[in-house]
Amino acid sequence: MKFSIQINEGPYQHQASDTAYQFAKAAIAAGHEIFRVFFYHDGVNNASRFTVPPQDDRNVVNQWAELGIKNAEGEPELVVCVAAALRRGMLDESEASKNGVEGNNIHPAFRISGLGQLIEAGIQSDRLVVFGD
Amino acid sequence: MLHTVNKSSFERNSLQSCLNAIDDTSVILLIEDGVISAANNANSSMLSDLAAQGRVYALQGDVDARGISSKIADNIKLVDYAGFVDLVVEHGTAVSWV
Amino acid sequence: MATKKFMYLNRKASYGTVYAIESLEVVLIAAAFEQDVSLAFIDDGVYQIVEGQNTDGIGMKNFSKTFHALGDYDINKLYVSAESLEERGLTADDLMPLVYEDEDDDWEEKPSVKVVSNAELSKIMSDQDVCLSF
């Protein structure tokens with residue numbers, strides 16, 4: 001079956017991203033497909049490549065990256081909402097240069113895109129599961 | 001449908017709101033702090049009827065993490081993450097009471 | 001593109017947290033996808049469409065007016081929990097008079113907001129393909 005996931009909260013503060021990750025891992029192990037994970041609200045913070053947890057803790061960002069959720073074209077399907085990301089200081093290279101900001105912090109396993117990607121995920125997937133506060 | 005509840009009934013009204021809206025065939029999966037409602041406590045009666053019908057599940061990992069595995073109320077079924085995935089497959093649209 | 005039934009589940013008041021406005025942003029984008037869209041306002045979510053919001057004193061944007069635009073995007077199924085209203089001492093008269101023009105009925109202006117019981121809401125919910133919670 002084809003699943004998509006919406007994550008509404010950032011890492012560490014809430015369990016949402018951890019639960020979603022365990023769910024995604026189990027779904028893949030059972031032979032299902034994760035079509036897309038959409039990060040919204042504070043969930044966009046799950047995409048920061050500057051996340052440095054203590055060594056004895058899990059790295060929520062890298063965990064997602066290691067799942068390697070991609071489409072047939074090889075693009076990441078860990079999708080960060082652009083509007084939610086920009087207002088929270090999460091920018092990739094292109095958004096940074098567009099907005100005259102130096103530096104960027106989106107992990108390369110993620111990509112920034114619009115809210116339409118969430119709706120599309122709902123249309124294309126057999127199931128969409130939301131994880132939040 | 002599968003309804004997931006991730007908050008303790010002592011902290012938020014998510015479980016009550018879910019119970020208000022649930023139809024006769026849907027099931028509830030308690031996850032994260034939602035599993036607190038799976039333990040025997042002052043709020044247990046909220047779920048006892050549905051549990052008796054075999055319609056209440058709780059996520060094992062979250063139950064264990066909170067140290068309440070010996071206190072789970074009668075008829076509540078424990079599932080792991082693979083079981084969570086199966087419930088989503090089996091019950092159609094998932095509603096999260098976040 | 002296939003048409004699915006999408007429900008947007010709103011259970012939080014505006015301003016205290018970001019969920020209400022960012023949910024509305026999704027709904028506005030969703031309009032372009034020509035899906036069947038319903039909005040449910042339950043619990044404190046009912047405050048999102050209360051009439052007379054004034055944010056002058058808190059330095060935040062008053063986005064409640066945006067709800068008036070939904071009708072123009074053919075989003076006209078806004079279900080409000082009767083029980084949630086009652087618990088909060090509110091009635092249908094306290095809500096914004098949101099309307100749409102019914103193209104199947106000579107563009108007659110009709111109310112978009114329907115106050116429904118939990119039982120009715122449960123039925124509507126059971127009919128959905130996708131439920132997005134905020």
# chains A, B, ... in the order shown; residues from 1 in each chain; ligands from 1

call {"tool": "closest_atom_pairs", "arguments": {"of": "chain C", "to": "chain A", "cutoff": "12 Å", "atoms": "only C-alpha atoms", "output": "tab-separated table"}}
result
residue	atom	partner	partner_atom	distance
C:Met1	CA	A:Ile123	CA	8.3
C:Ala2	CA	A:Ile123	CA	7.1
C:Thr3	CA	A:Ile123	CA	7.5
C:Lys4	CA	A:Ile123	CA	6.5
C:Lys5	CA	A:Ile123	CA	9.2
C:Phe6	CA	A:Gly122	CA	8.2
C:Met7	CA	A:Gly122	CA	10.8
C:Tyr8	CA	A:Ile119	CA	11.3
C:Leu9	CA	A:Val130	CA	11.0
C:Arg11	CA	A:Asp133	CA	11.9
C:Lys12	CA	A:Asp133	CA	11.4
C:Thr17	CA	A:His41	CA	10.0
C:Val18	CA	A:His41	CA	7.4
C:Tyr19	CA	A:His41	CA	7.3
C:Ala20	CA	A:His41	CA	10.5
C:Ile21	CA	A:His41	CA	10.2
C:Glu22	CA	A:His41	CA	7.2
C:Ser23	CA	A:His41	CA	9.3
C:Leu24	CA	A:Leu115	CA	11.2
C:Glu25	CA	A:Leu115	CA	8.2
C:Val26	CA	A:Leu115	CA	6.2
C:Val27	CA	A:Ile119	CA	9.2
C:Leu28	CA	A:Leu115	CA	9.6
C:Ile29	CA	A:Gly116	CA	6.2
C:Ala30	CA	A:Ile119	CA	6.2
C:Ala31	CA	A:Ile119	CA	9.7
C:Ala32	CA	A:Gly116	CA	8.6
C:Phe33	CA	A:Ile119	CA	7.6
C:Glu34	CA	A:Ile119	CA	10.4
C:Gln35	CA	A:Ile123	CA	8.7
C:Asp36	CA	A:Ile123	CA	11.0
C:Val37	CA	A:Ile119	CA	11.0
C:Gln128	CA	A:Arg127	CA	11.4
C:Asp129	CA	A:Arg127	CA	8.2
C:Val130	CA	A:Gly122	CA	6.4
C:Cys131	CA	A:Leu128	CA	7.7
C:Leu132	CA	A:Val130	CA	6.7
C:Ser133	CA	A:Val130	CA	6.6
C:Phe134	CA	A:Asn8	CA	7.6

call {"tool": "residues_around", "arguments": {"residues": "range 45-53 of chain C", "least_positions_apart": "6", "cutoff": "10 Å", "atoms": "only C-alpha atoms", "output": "MDAnalysis selection string"}}
result
chainID C and resid 9:15 19:21 24 62:65 67:68 78:82 84:85 88 90:98 113 134

call {"tool": "closest_residue", "arguments": {"among": "B:Val5, B:Cys18, B:Ile36, B:Ile76", "to": "chain A", "atoms": "only C-alpha atoms"}}
result
B:Val5

call {"tool": "select_by_dssp", "arguments": {"residues": "chain C", "states": "strand (DSSP E or B)", "output": "PyMOL selection string"}}
result
chain C and resi 5-10+36-41+50+78-81+95+99-102+108-111+113-116+130-133

call {"tool": "closest_atom_pairs", "arguments": {"of": "chain B", "to": "chain A", "cutoff": "8 Å", "atoms": "only C-alpha atoms", "output": "tab-separated table"}}
result
residue	atom	partner	partner_atom	distance
B:Asn6	CA	A:Asp133	CA	7.7
B:Glu32	CA	A:Gln15	CA	7.0
B:Tyr81	CA	A:Phe23	CA	5.6
B:Ala82	CA	A:Ala26	CA	5.1
B:Phe84	CA	A:Phe23	CA	7.3
B:Val85	CA	A:Ala27	CA	5.9
B:Val88	CA	A:Arg127	CA	7.4
B:Val89	CA	A:Met1	CA	7.6
B:Gly92	CA	A:Arg127	CA	7.1
B:Thr93	CA	A:Arg127	CA	6.4
B:Ala94	CA	A:Val129	CA	5.9
B:Val95	CA	A:Val129	CA	7.4
B:Ser96	CA	A:Val130	CA	5.9
B:Val98	CA	A:Asp133	CA	5.4

call {"tool": "decode", "arguments": {"residues": "range 38-74 of chain B", "atoms": "N, CA, C and O atoms", "output": "CSV table (one decimal), in the first residue's frame"}}
result
chain,number,residue,atom,x,y,z
B,38,ALA,N,-4.9,3.9,28.6
B,38,ALA,CA,-5.0,2.5,28.5
B,38,ALA,C,-4.8,1.8,29.9
B,38,ALA,O,-5.1,0.6,30.0
B,39,ALA,N,-4.3,2.6,30.8
B,39,ALA,CA,-4.0,2.0,32.1
B,39,ALA,C,-5.3,2.0,33.0
B,39,ALA,O,-6.2,2.9,32.8
B,40,ASN,N,-5.3,1.2,34.0
B,40,ASN,CA,-6.4,1.2,35.0
B,40,ASN,C,-6.2,2.5,35.8
B,40,ASN,O,-5.2,2.7,36.5
B,41,ASN,N,-7.2,3.4,35.7
B,41,ASN,CA,-7.1,4.7,36.5
B,41,ASN,C,-8.5,5.3,36.5
B,41,ASN,O,-9.5,4.7,36.1
B,42,ALA,N,-8.6,6.5,37.1
B,42,ALA,CA,-9.9,7.1,37.3
B,42,ALA,C,-10.7,7.3,36.0
B,42,ALA,O,-11.9,7.5,36.1
B,43,ASN,N,-10.0,7.4,34.9
B,43,ASN,CA,-10.6,7.6,33.6
B,43,ASN,C,-10.9,6.4,32.8
B,43,ASN,O,-11.3,6.5,31.7
B,44,SER,N,-10.6,5.2,33.4
B,44,SER,CA,-10.7,4.0,32.6
B,44,SER,C,-12.1,3.7,32.0
B,44,SER,O,-12.2,3.1,30.9
B,45,SER,N,-13.1,4.2,32.7
B,45,SER,CA,-14.5,3.9,32.2
B,45,SER,C,-14.7,4.6,30.9
B,45,SER,O,-15.6,4.1,30.1
B,46,MET,N,-14.0,5.6,30.5
B,46,MET,CA,-14.1,6.2,29.2
B,46,MET,C,-14.0,5.2,28.0
B,46,MET,O,-14.7,5.3,27.0
B,47,LEU,N,-13.2,4.2,28.2
B,47,LEU,CA,-12.9,3.3,27.1
B,47,LEU,C,-13.4,1.9,27.4
B,47,LEU,O,-13.3,1.0,26.5
B,48,SER,N,-14.0,1.6,28.6
B,48,SER,CA,-14.2,0.2,28.9
B,48,SER,C,-15.2,-0.5,27.9
B,48,SER,O,-15.1,-1.6,27.5
B,49,ASP,N,-16.3,0.3,27.5
B,49,ASP,CA,-17.3,-0.3,26.6
B,49,ASP,C,-16.6,-0.7,25.2
B,49,ASP,O,-16.8,-1.8,24.7
B,50,LEU,N,-15.9,0.3,24.7
B,50,LEU,CA,-15.3,0.1,23.4
B,50,LEU,C,-14.2,-1.1,23.5
B,50,LEU,O,-14.1,-1.9,22.6
B,51,ALA,N,-13.5,-1.1,24.6
B,51,ALA,CA,-12.5,-2.1,24.8
B,51,ALA,C,-13.1,-3.5,24.8
B,51,ALA,O,-12.6,-4.4,24.2
B,52,ALA,N,-14.3,-3.6,25.5
B,52,ALA,CA,-15.0,-4.9,25.6
B,52,ALA,C,-15.4,-5.3,24.2
B,52,ALA,O,-15.6,-6.5,24.0
B,53,GLN,N,-15.6,-4.4,23.3
B,53,GLN,CA,-16.0,-4.8,21.9
B,53,GLN,C,-14.7,-5.0,21.1
B,53,GLN,O,-14.8,-5.2,19.9
B,54,GLY,N,-13.6,-5.0,21.7
B,54,GLY,CA,-12.3,-5.3,21.0
B,54,GLY,C,-11.9,-4.2,20.1
B,54,GLY,O,-11.2,-4.4,19.1
B,55,ARG,N,-12.3,-2.9,20.4
B,55,ARG,CA,-12.0,-1.8,19.5
B,55,ARG,C,-11.0,-0.8,20.0
B,55,ARG,O,-10.8,0.3,19.4
B,56,VAL,N,-10.2,-1.2,21.0
B,56,VAL,CA,-9.2,-0.3,21.6
B,56,VAL,C,-7.8,-0.9,21.6
B,56,VAL,O,-7.7,-2.1,22.1
B,57,TYR,N,-6.9,-0.3,21.0
B,57,TYR,CA,-5.5,-0.7,20.9
B,57,TYR,C,-4.6,0.3,21.6
B,57,TYR,O,-4.9,1.5,21.6
B,58,ALA,N,-3.4,-0.2,22.0
B,58,ALA,CA,-2.4,0.7,22.5
B,58,ALA,C,-1.1,0.3,22.0
B,58,ALA,O,-0.8,-0.9,21.8
B,59,LEU,N,-0.2,1.3,21.8
B,59,LEU,CA,1.1,1.0,21.2
B,59,LEU,C,2.0,0.5,22.3
B,59,LEU,O,2.3,1.2,23.3
B,60,GLN,N,2.5,-0.7,22.1
B,60,GLN,CA,3.3,-1.4,23.2
B,60,GLN,C,4.5,-0.6,23.6
B,60,GLN,O,4.8,-0.4,24.8
B,61,GLY,N,5.3,0.0,22.6
B,61,GLY,CA,6.5,0.7,22.9
B,61,GLY,C,6.2,1.9,23.8
B,61,GLY,O,7.0,2.2,24.8
B,62,ASP,N,5.1,2.6,23.6
B,62,ASP,CA,4.8,3.7,24.4
B,62,ASP,C,4.3,3.3,25.8
B,62,ASP,O,4.6,4.0,26.8
B,63,VAL,N,3.6,2.2,25.9
B,63,VAL,CA,3.2,1.6,27.2
B,63,VAL,C,4.4,1.3,28.0
B,63,VAL,O,4.5,1.7,29.2
B,64,ASP,N,5.3,0.5,27.4
B,64,ASP,CA,6.5,0.1,28.1
B,64,ASP,C,7.3,1.3,28.6
B,64,ASP,O,7.9,1.4,29.7
B,65,ALA,N,7.5,2.3,27.7
B,65,ALA,CA,8.3,3.5,28.0
B,65,ALA,C,7.8,4.2,29.2
B,65,ALA,O,8.5,4.8,29.9
B,66,ARG,N,6.5,4.2,29.4
B,66,ARG,CA,5.9,4.9,30.5
B,66,ARG,C,5.7,4.0,31.7
B,66,ARG,O,5.1,4.5,32.7
B,67,GLY,N,6.2,2.8,31.7
B,67,GLY,CA,6.2,2.0,32.9
B,67,GLY,C,4.9,1.5,33.3
B,67,GLY,O,4.6,1.3,34.5
B,68,ILE,N,3.9,1.4,32.4
B,68,ILE,CA,2.5,1.0,32.8
B,68,ILE,C,2.1,-0.3,32.2
B,68,ILE,O,0.9,-0.6,32.2
B,69,SER,N,3.0,-1.1,31.8
B,69,SER,CA,2.6,-2.4,31.1
B,69,SER,C,1.9,-3.3,32.0
B,69,SER,O,1.1,-4.1,31.6
B,70,SER,N,2.1,-3.3,33.4
B,70,SER,CA,1.4,-4.2,34.3
B,70,SER,C,0.1,-3.6,34.7
B,70,SER,O,-0.7,-4.2,35.4
B,71,LYS,N,-0.3,-2.4,34.2
B,71,LYS,CA,-1.5,-1.7,34.6
B,71,LYS,C,-2.5,-1.6,33.5
B,71,LYS,O,-3.5,-0.8,33.7
B,72,ILE,N,-2.3,-2.3,32.4
B,72,ILE,CA,-3.2,-2.1,31.3
B,72,ILE,C,-4.6,-2.6,31.6
B,72,ILE,O,-4.7,-3.8,32.1
B,73,ALA,N,-5.6,-1.9,31.3
B,73,ALA,CA,-7.0,-2.3,31.6
B,73,ALA,C,-7.4,-3.5,30.7
B,73,ALA,O,-6.8,-3.7,29.7
B,74,ASP,N,-8.5,-4.2,31.2
B,74,ASP,CA,-8.9,-5.4,30.5
B,74,ASP,C,-9.3,-5.0,29.0
B,74,ASP,O,-9.9,-4.0,28.8
